[in-house]
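Below is protein-v6.cif, which holds mmCIF, C-alpha atoms.
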```
data_data
#
loop_
_atom_site.label_atom_id
_atom_site.label_comp_id
_atom_site.auth_asym_id
_atom_site.auth_seq_id
_atom_site.Cartn_x
_atom_site.Cartn_y
_atom_site.Cartn_z
CA MET F 1 0.00 0.00 0.00
CA ALA F 2 2.65 2.52 1.03
CA GLU F 3 5.04 3.34 -1.74
CA PRO F 4 8.68 3.43 -0.69
CA SER F 5 9.02 6.98 -2.00
CA SER F 6 6.06 8.33 -0.01
CA PRO F 7 6.79 10.71 2.87
CA MET F 8 5.11 8.39 5.37
CA SER F 9 6.41 5.03 4.28
CA SER F 10 7.97 4.58 7.71
CA THR F 11 4.68 4.79 9.60
CA ALA F 12 1.98 2.28 10.31
CA TRP F 13 -0.77 4.26 8.64
CA PRO F 14 -2.53 1.61 6.55
CA GLY F 15 -2.79 -0.62 9.61
CA LEU F 16 -4.38 2.14 11.64
CA LEU F 17 -7.14 2.79 9.12
CA PRO F 18 -10.29 0.63 9.14
CA PRO F 19 -9.65 -2.63 7.28
CA GLY F 20 -10.52 -2.50 3.61
CA ALA F 21 -11.04 1.25 3.50
CA VAL F 22 -8.08 1.92 1.23
CA ALA F 23 -9.03 -0.90 -1.15
CA GLU F 24 -12.61 0.36 -1.32
CA TRP F 25 -11.46 3.86 -2.15
CA LYS F 26 -9.09 2.61 -4.78
CA LYS F 27 -12.09 1.11 -6.56
CA VAL F 28 -13.76 4.51 -6.62
CA ASP F 29 -10.72 6.63 -7.41
CA GLU F 30 -7.18 5.54 -8.15
CA ASN F 31 -5.71 8.65 -6.52
CA ALA F 32 -7.75 8.49 -3.32
CA PRO F 33 -5.14 6.73 -1.13
CA ALA F 34 -2.42 9.12 -2.27
CA ILE F 35 -4.60 12.15 -1.50
CA LEU F 36 -5.55 10.70 1.87
CA LEU F 37 -1.90 10.05 2.65
CA GLU F 38 -0.97 13.60 1.71
CA GLN F 39 -3.67 15.00 3.97
CA ILE F 40 -2.61 12.81 6.86
CA ALA F 41 0.99 13.97 6.42
CA LYS F 42 -0.12 17.61 6.34
CA ASP F 43 -2.18 17.11 9.47
CA ALA F 44 0.76 15.50 11.24
CA VAL F 45 3.09 18.34 10.28
CA HIS F 46 0.57 20.89 11.54
CA VAL F 47 0.11 19.07 14.85
CA ARG F 48 3.85 18.84 15.34
CA ARG F 49 4.35 22.52 14.55
CA MET F 50 1.64 23.45 17.03
CA ALA F 51 3.24 21.26 19.68
CA TRP F 52 6.60 22.95 19.26
CA ALA F 53 4.94 26.37 19.37
CA ARG F 54 3.13 25.37 22.54
CA LEU F 55 6.35 24.20 24.17
CA ILE F 56 8.18 27.42 23.26
CA LEU F 57 5.26 29.47 24.50
CA ALA F 58 5.24 27.59 27.79
CA VAL F 59 8.96 28.14 28.31
CA LEU F 60 8.68 31.85 27.49
CA LEU F 61 5.67 32.26 29.76
CA PHE F 62 7.41 30.56 32.63
CA ALA F 63 10.59 32.61 32.19
CA GLY F 64 8.57 35.82 31.92
CA SER F 65 6.55 35.10 35.03
CA LEU F 66 9.70 34.26 36.98
CA ALA F 67 11.36 37.47 35.82
CA LEU F 68 8.29 39.50 36.72
CA SER F 69 8.08 37.88 40.14
CA THR F 70 11.78 38.56 40.75
CA TYR F 71 11.28 42.20 39.86
CA LEU F 72 8.18 42.50 42.05
CA ILE F 73 9.83 40.85 45.03
CA HIS F 74 12.86 43.09 44.66
CA SER F 75 10.57 46.09 44.77
CA GLN F 76 8.99 44.80 48.03
CA GLN F 77 5.73 43.66 46.43
CA ILE F 78 5.77 40.16 47.86
CA LEU F 79 2.15 39.34 47.15
CA GLY F 80 2.43 40.40 43.54
CA GLY F 81 5.59 38.38 43.11
CA VAL F 82 4.11 35.22 44.55
CA VAL F 83 0.92 35.59 42.51
CA SER F 84 2.96 36.14 39.35
CA ALA F 85 5.10 33.06 39.91
CA GLY F 86 2.10 30.93 40.85
CA ALA F 87 0.02 32.08 37.91
CA GLY F 88 2.89 31.44 35.51
CA THR F 89 3.45 27.96 36.90
CA MET F 90 -0.22 27.09 36.73
CA THR F 91 -0.53 28.36 33.17
CA VAL F 92 2.47 26.32 32.09
CA VAL F 93 1.19 23.19 33.81
CA THR F 94 -2.21 23.67 32.17
CA ILE F 95 -0.55 24.08 28.78
CA LEU F 96 1.43 20.91 29.34
CA LEU F 97 -1.50 18.83 30.56
CA THR F 98 -4.27 19.79 28.14
CA GLY F 99 -4.79 19.67 24.41
CA LYS F 100 -2.97 16.44 23.66
CA PRO F 101 -4.09 14.34 20.70
CA PRO F 102 -7.04 12.19 21.80
CA VAL F 103 -6.59 8.56 22.71
CA PRO F 104 -8.03 6.30 20.01
CA ARG F 105 -11.03 4.39 21.26
CA ARG F 106 -11.42 0.82 20.08
CA LYS F 107 -14.33 -1.47 20.65
CA MET D 1 -4.22 11.33 34.84
CA GLY D 2 -5.52 14.57 33.33
CA PRO D 3 -8.68 15.21 35.35
CA LYS D 4 -7.03 14.10 38.60
CA ALA D 5 -4.05 16.38 38.04
CA LEU D 6 -6.27 19.32 37.17
CA HIS D 7 -8.37 18.62 40.24
CA ALA D 8 -5.29 18.61 42.46
CA LEU D 9 -4.02 21.81 40.87
CA ALA D 10 -7.37 23.52 41.31
CA LEU D 11 -7.42 22.52 44.99
CA LEU D 12 -3.91 23.87 45.41
CA ALA D 13 -4.77 27.15 43.74
CA LEU D 14 -7.94 27.45 45.83
CA VAL D 15 -6.01 26.97 49.05
CA VAL D 16 -3.33 29.48 48.07
CA VAL D 17 -5.82 32.10 46.91
CA ALA D 18 -8.00 31.65 50.00
CA GLY D 19 -4.97 31.93 52.21
CA PHE D 20 -3.89 35.16 50.62
CA LEU D 21 -7.38 36.58 50.77
CA ALA D 22 -7.61 35.73 54.47
CA PHE D 23 -4.09 36.44 55.68
CA GLY D 24 -2.44 38.50 52.95
CA ARG D 25 -2.66 41.75 54.90
CA GLU D 26 -1.39 40.33 58.17
CA SER D 27 1.75 41.53 59.85
CA SER D 28 5.00 39.90 58.82
CA ASP D 29 5.30 37.92 62.09
CA ASN D 30 2.53 35.59 61.05
CA ARG D 31 3.74 35.18 57.52
CA VAL D 32 5.95 32.13 58.11
CA LEU D 33 3.25 30.45 60.16
CA VAL D 34 0.62 31.11 57.50
CA ALA D 35 2.91 29.95 54.71
CA SER D 36 3.75 26.69 56.46
CA ALA D 37 0.09 26.07 57.27
CA LEU D 38 -0.85 26.69 53.65
CA GLY D 39 1.90 24.41 52.42
CA THR D 40 0.87 21.62 54.76
CA THR D 41 -2.77 21.93 53.73
CA ALA D 42 -1.86 21.87 50.05
CA LEU D 43 0.38 18.85 50.56
CA VAL D 44 -2.32 16.97 52.48
CA LEU D 45 -4.90 17.77 49.83
CA THR D 46 -2.70 16.64 46.95
CA ALA D 47 -1.04 13.72 48.75
CA PRO D 48 -3.35 10.99 47.36
CA TYR D 49 -2.68 12.11 43.82
CA LEU D 50 1.06 12.39 44.36
CA LEU D 51 1.17 8.98 46.02
CA ALA D 52 -0.79 7.42 43.17
CA VAL D 53 1.58 8.90 40.60
CA MET D 54 4.64 7.78 42.54
CA THR D 55 3.48 4.22 43.11
CA SER D 56 1.78 3.48 39.78
CA GLY D 57 5.03 2.71 38.01
CA GLN D 58 6.18 0.52 40.89
CA LYS D 59 2.91 -1.38 40.85
CA ARG D 60 3.15 -2.00 37.13
CA ARG D 61 6.72 -3.16 37.47
CA LEU D 62 5.80 -5.48 40.36
CA ALA D 63 2.90 -6.94 38.39
CA SER D 64 5.24 -8.06 35.64
CA GLY D 65 7.98 -8.70 38.15
CA ALA D 66 9.15 -12.19 37.28
CA ARG D 67 8.93 -11.57 33.57
CA GLY D 68 10.72 -8.23 33.79
CA ALA D 69 13.48 -9.71 35.92
CA LEU D 70 13.97 -12.51 33.42
CA ILE D 71 14.08 -10.04 30.57
CA GLN D 72 16.62 -7.84 32.25
CA GLN D 73 18.89 -10.74 33.10
CA ARG D 74 21.07 -12.46 30.57
CA HIS D 75 19.17 -15.30 28.90
CA ARG D 76 22.19 -17.29 27.83
CA GLY D 77 21.59 -20.11 30.27
CA LEU D 78 17.96 -20.77 29.32
CA SER D 79 16.84 -23.78 27.37
CA VAL D 80 14.91 -23.53 24.11
CA HIS D 81 11.70 -24.53 25.84
CA GLU D 82 12.13 -21.81 28.47
CA ILE D 83 12.84 -19.23 25.81
CA ARG D 84 9.75 -20.36 23.91
CA THR D 85 7.62 -19.90 27.00
CA LEU D 86 9.18 -16.52 27.63
CA LEU D 87 8.65 -15.42 24.03
CA SER D 88 5.00 -16.44 23.93
CA GLY D 89 4.43 -14.59 27.19
CA GLU D 90 6.08 -11.51 25.74
CA LEU D 91 4.01 -11.82 22.58
CA ALA D 92 0.84 -11.91 24.65
CA ALA D 93 1.99 -8.91 26.70
CA LEU D 94 2.92 -6.75 23.71
CA PRO D 95 0.47 -3.85 23.29
CA SER D 96 -2.09 -4.20 20.57
CA LEU D 97 -4.56 -1.89 18.89
CA GLY D 98 -7.48 -3.63 20.57
CA ASP D 99 -6.03 -3.22 24.04
CA ALA D 100 -7.73 -0.28 25.70
CA ALA D 101 -5.01 0.14 28.34
CA SER D 102 -2.25 0.52 25.77
CA ALA D 103 -4.33 2.48 23.28
CA SER D 104 -2.63 5.74 24.17
CA ALA D 105 0.82 4.29 23.71
CA HIS D 106 -0.03 2.42 20.55
CA PRO D 107 0.11 5.29 18.05
CA LEU D 108 3.45 6.32 19.50
CA LEU D 109 5.21 3.12 18.54
CA ALA D 110 2.73 1.40 16.26
CA ARG D 111 5.24 0.43 13.61
CA GLU D 112 7.85 -0.91 16.01
CA ILE D 113 5.32 -2.87 18.05
CA ALA D 114 3.82 -4.37 14.91
CA GLY D 115 7.26 -5.32 13.59
CA VAL D 116 8.41 -7.01 16.79
CA ARG D 117 5.05 -8.76 17.14
CA ARG D 118 5.30 -10.12 13.60
CA ALA D 119 8.89 -11.27 14.10
CA THR D 120 8.04 -12.98 17.39
CA ALA D 121 5.05 -14.78 15.91
CA ARG D 122 7.11 -15.90 12.92
CA LEU D 123 9.85 -17.23 15.16
CA LEU D 124 7.36 -19.08 17.37
CA GLU D 125 5.69 -20.68 14.37
CA ALA D 126 8.94 -21.88 12.84
CA GLU D 127 9.81 -24.99 14.82
CA PRO D 128 13.52 -25.59 15.25
CA ARG D 129 13.87 -29.12 13.90
CA PRO D 130 16.03 -31.40 16.03
CA ALA D 131 17.10 -33.31 12.92
CA ALA D 132 18.67 -30.20 11.46
CA GLY D 133 21.52 -30.48 13.91
CA HIS D 134 23.10 -28.18 16.41
CA SER D 135 23.56 -25.12 14.21
CA ALA D 136 19.83 -24.56 13.52
CA ALA D 137 18.98 -24.63 17.21
CA ALA D 138 21.84 -22.27 17.96
CA ALA D 139 20.63 -19.87 15.26
CA TRP D 140 17.10 -20.03 16.64
CA ASP D 141 18.46 -19.44 20.12
CA SER D 142 20.42 -16.34 19.13
CA ARG D 143 17.47 -14.98 17.19
CA ALA D 144 15.22 -15.49 20.20
CA HIS D 145 17.71 -13.66 22.39
CA ASP D 146 17.82 -10.77 19.95
CA LEU D 147 14.03 -10.66 19.93
CA LEU D 148 13.83 -10.62 23.72
CA ALA D 149 16.30 -7.76 23.82
CA ALA D 150 14.25 -5.93 21.18
CA ILE D 151 11.10 -6.40 23.25
CA ALA D 152 12.80 -5.07 26.38
CA ASP D 153 14.06 -2.06 24.41
CA LEU D 154 10.56 -1.53 23.04
CA ARG D 155 9.11 -1.57 26.52
CA LYS D 156 11.61 1.05 27.66
CA ARG D 157 10.89 3.28 24.67
CA GLU D 158 7.16 2.84 25.17
CA ARG D 159 7.50 4.07 28.74
CA ARG D 160 9.41 7.16 27.57
CA ALA D 161 6.97 7.85 24.74
CA ARG D 162 4.09 7.56 27.17
CA TRP D 163 5.69 10.20 29.41
CA ALA D 164 6.27 12.49 26.44
CA TYR D 165 2.63 12.05 25.49
CA ARG D 166 1.43 12.69 29.03
CA LEU D 167 3.44 15.90 29.32
CA ASN D 168 2.19 17.02 25.91
CA LEU D 169 5.70 17.44 24.53
CA PRO D 170 6.16 17.42 20.76
CA LEU D 171 5.93 13.85 19.54
CA SER D 172 8.21 12.28 16.99
CA ARG D 173 7.40 12.57 13.31
CA GLU D 174 6.14 9.00 13.11
CA ALA D 175 4.04 9.27 16.24
CA ALA D 176 2.40 12.47 14.96
CA ALA D 177 1.65 10.75 11.65
CA ASN D 178 0.17 7.77 13.46
CA PHE D 179 -2.05 10.00 15.58
CA ALA D 180 -3.19 11.77 12.42
CA ALA D 181 -3.94 8.41 10.80
CA VAL D 182 -5.95 7.34 13.84
CA ARG D 183 -7.91 10.60 13.70
CA THR D 184 -8.58 10.02 10.01
CA ALA D 185 -9.68 6.46 10.74
CA GLU D 186 -12.21 7.68 13.26
CA ARG D 187 -13.46 10.22 10.72
CA ILE D 188 -13.79 7.47 8.12
CA GLU D 189 -15.72 5.29 10.55
CA ARG D 190 -18.12 8.10 11.38
CA LEU D 191 -18.62 8.75 7.66
CA THR D 192 -19.24 5.06 7.02
CA ASP D 193 -21.75 4.90 9.84
CA ALA D 194 -23.54 7.96 8.52
CA MET D 195 -23.61 6.66 4.97
CA SER D 196 -24.85 3.23 5.95
CA SER D 197 -28.10 4.82 7.06
CA TYR D 198 -28.64 6.25 3.56
CA VAL D 199 -27.48 3.40 1.34
CA VAL D 200 -30.18 0.85 0.56
CA PRO D 201 -28.72 -2.66 1.02
CA SER D 202 -30.79 -4.20 -1.79
CA SER D 203 -28.95 -2.18 -4.48
CA ARG D 204 -25.91 -4.44 -4.27
CA GLY D 205 -26.60 -6.01 -7.68
CA GLY D 206 -25.97 -2.73 -9.45
CA ALA D 207 -22.40 -2.45 -8.19
CA HIS D 208 -21.56 -5.81 -9.68
CA GLY D 209 -21.43 -4.72 -13.31
#
```
Rewrite the structure of this file - the entire thing - as structure tokens.
Amino acid sequence: MAEPSSPMSSTAWPGLLPPGAVAEWKKVDENAPAILLEQIAKDAVHVRRMAWARLILAVLLFAGSLALSTYLIHSQQILGGVVSAGAGTMTVVTILLTGKPPVPRRK
Amino acid sequence: MGPKALHALALLALVVVAGFLAFGRESSDNRVLVASALGTTALVLTAPYLLAVMTSGQKRRLASGARGALIQQRHRGLSVHEIRTLLSGELAALPSLGDAASASAHPLLAREIAGVRRATARLLEAEPRPAAGHSAAAAWDSRAHDLLAAIADLRKRERRARWAYRLNLPLSREAAANFAAVRTAERIERLTDAMSSYVVPSSRGGAHG
């Protein structure tokens, strides 16, 4: 099914699709599996790019909140500093714990 | 893990915010006392979750204790029969797509798991013939040892991939593609379900020609 020259030949994608779906679509349109493969690859690239962006955003947010809290504590605003650090930590933890790709459900 | 962790975090935040609302304007003498009280409360509230996280890995490792110990040892002294038993146990324990517990780890390493599963099944089906002499059994033996090492390596990588997935870190290229394929499969299944309510089953003769 997967041509050796395709960008996703190293993945398990035909095995993860419902059995017979690719063969059925090939009957309807010869190009359907290739188009499907291309869309899956695009989707994967997008998801990966978003994940990297999320990670960079989390790191920047955490560093910014720590810097802000350091500044606030230096200027004797203890409450503001603690709230800043806590809010930054909670935001980063929320970013890291939510929005992951859903677990596939199988009957 | 997700809902529990969010619950614990929300409790923690609630305690901290309530503490600051109640005691934030106090004099600085009480500050250490209040901080330690808040910390203790937060720790007590989140202790069940933390304990569960800390002991879950241990429990899993204990459950597969004998098998894991055998895998991590050297297998050179085992007989062919013992290796066969070990291999079939490993084959049964390998994650599959139908296994709900390993469903989250499956897309991460789908190709590797499928490859090792296929190789193990092939090796278990091919009987080492005693008439073929010593060399065939030795070859089978070394292949079985390689396969056991591959399975142990797979288990280690699966654990790491599961942690990367839990912490929402960027997945590898293959894992992202597998997740995308799984998403597409679910979309296809929904489409098939929807279409099956429109297509009349008796029109099958028309598709024949």
What residues come out when you apply the PyMOL selection byres ((chain F and resi 87-97) around 8) to this file, written as an mmCIF file with C-alpha atoms, keeping the file's coordinate frame?
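Result written to result_6.cif:
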```cif
data_model
loop_
_atom_site.group_PDB
_atom_site.id
_atom_site.type_symbol
_atom_site.label_atom_id
_atom_site.label_comp_id
_atom_site.auth_asym_id
_atom_site.auth_seq_id
_atom_site.Cartn_x
_atom_site.Cartn_y
_atom_site.Cartn_z
ATOM 1 C CA ARG F 54 3.130 25.370 22.540
ATOM 2 C CA LEU F 55 6.350 24.200 24.170
ATOM 3 C CA ALA F 58 5.240 27.590 27.790
ATOM 4 C CA VAL F 59 8.960 28.140 28.310
ATOM 5 C CA LEU F 61 5.670 32.260 29.760
ATOM 6 C CA PHE F 62 7.410 30.560 32.630
ATOM 7 C CA SER F 65 6.550 35.100 35.030
ATOM 8 C CA LEU F 66 9.700 34.260 36.980
ATOM 9 C CA VAL F 83 0.920 35.590 42.510
ATOM 10 C CA SER F 84 2.960 36.140 39.350
ATOM 11 C CA ALA F 85 5.100 33.060 39.910
ATOM 12 C CA GLY F 86 2.100 30.930 40.850
ATOM 13 C CA THR F 98 -4.270 19.790 28.140
ATOM 14 C CA GLY F 99 -4.790 19.670 24.410
ATOM 15 C CA LYS F 100 -2.970 16.440 23.660
ATOM 16 C CA GLY D 2 -5.520 14.570 33.330
ATOM 17 C CA LEU D 6 -6.270 19.320 37.170
ATOM 18 C CA LEU D 9 -4.020 21.810 40.870
ATOM 19 C CA ARG D 166 1.430 12.690 29.030
ATOM 20 C CA LEU D 167 3.440 15.900 29.320
ATOM 21 C CA ASN D 168 2.190 17.020 25.910
ATOM 22 C CA LEU D 169 5.700 17.440 24.530
#
```
Problem set entry | Arg157 (chain D) surroundings by only C-alpha atoms, 10 Å radius, close-in-sequence under 6 positions cut, as a PyMOL selection string | chain D and resi 108-109+151+163
For this session: Give as a ChimeraX atom specification the residues that the PyMOL selection byres ((chain F and resi 34-41) around 8) matches when applied to the coordinates above.
Result: /F:7-8,31-33,42-45 /D:177,180-181,184
Exercise. Mind pulling up the distance from CA of Leu14 (chain D) to CA of Gly64 (chain F)?
Worked result: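 These two atoms are separated by 23.2 Å.
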For this session: Work out how far CA of Pro102 (chain F) is from CA of Leu11 (chain D), in Å to one decimal.
Result: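 Taking CA of Leu11 (chain D) as the start and CA of Pro102 (chain F) as the end point, the length is 25.4 Å.
The shortest atom-to-atom distance to chain F, with only C-alpha atoms taken into account, belongs to D:Ala13 out of D:Leu38, D:Val116, D:Leu147, D:Ala13.
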Problem set entry | Which residue of D:Leu123, D:Ile113, D:Leu148, D:Val34 approaches chain F most closely, using all atoms listed in the file |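 Closest candidate: D:Ile113.
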For this session: Identify which of the residues D:Ala121, D:Ala126, D:Ala176, D:Leu94 lies closest to chain F, counting only C-alpha atoms when measuring atom-to-atom distances.
Result: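 Counting only C-alpha atoms, the residue closest to chain F is D:Ala176.
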For this session: I need the residue set behind the PyMOL selection byres ((chain D and resi 87) around 9) for this file; please write it as a list of chain:residue names.
Result: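 Evaluating the PyMOL selection byres ((chain D and resi 87) around 9) on these coordinates yields D:Glu82, D:Ile83, D:Arg84, D:Thr85, D:Leu86, D:Ser88, D:Gly89, D:Glu90, D:Leu91, D:Ala92, D:Thr120, D:Ala121, D:Leu124, D:Ala144, D:Leu147, D:Leu148.
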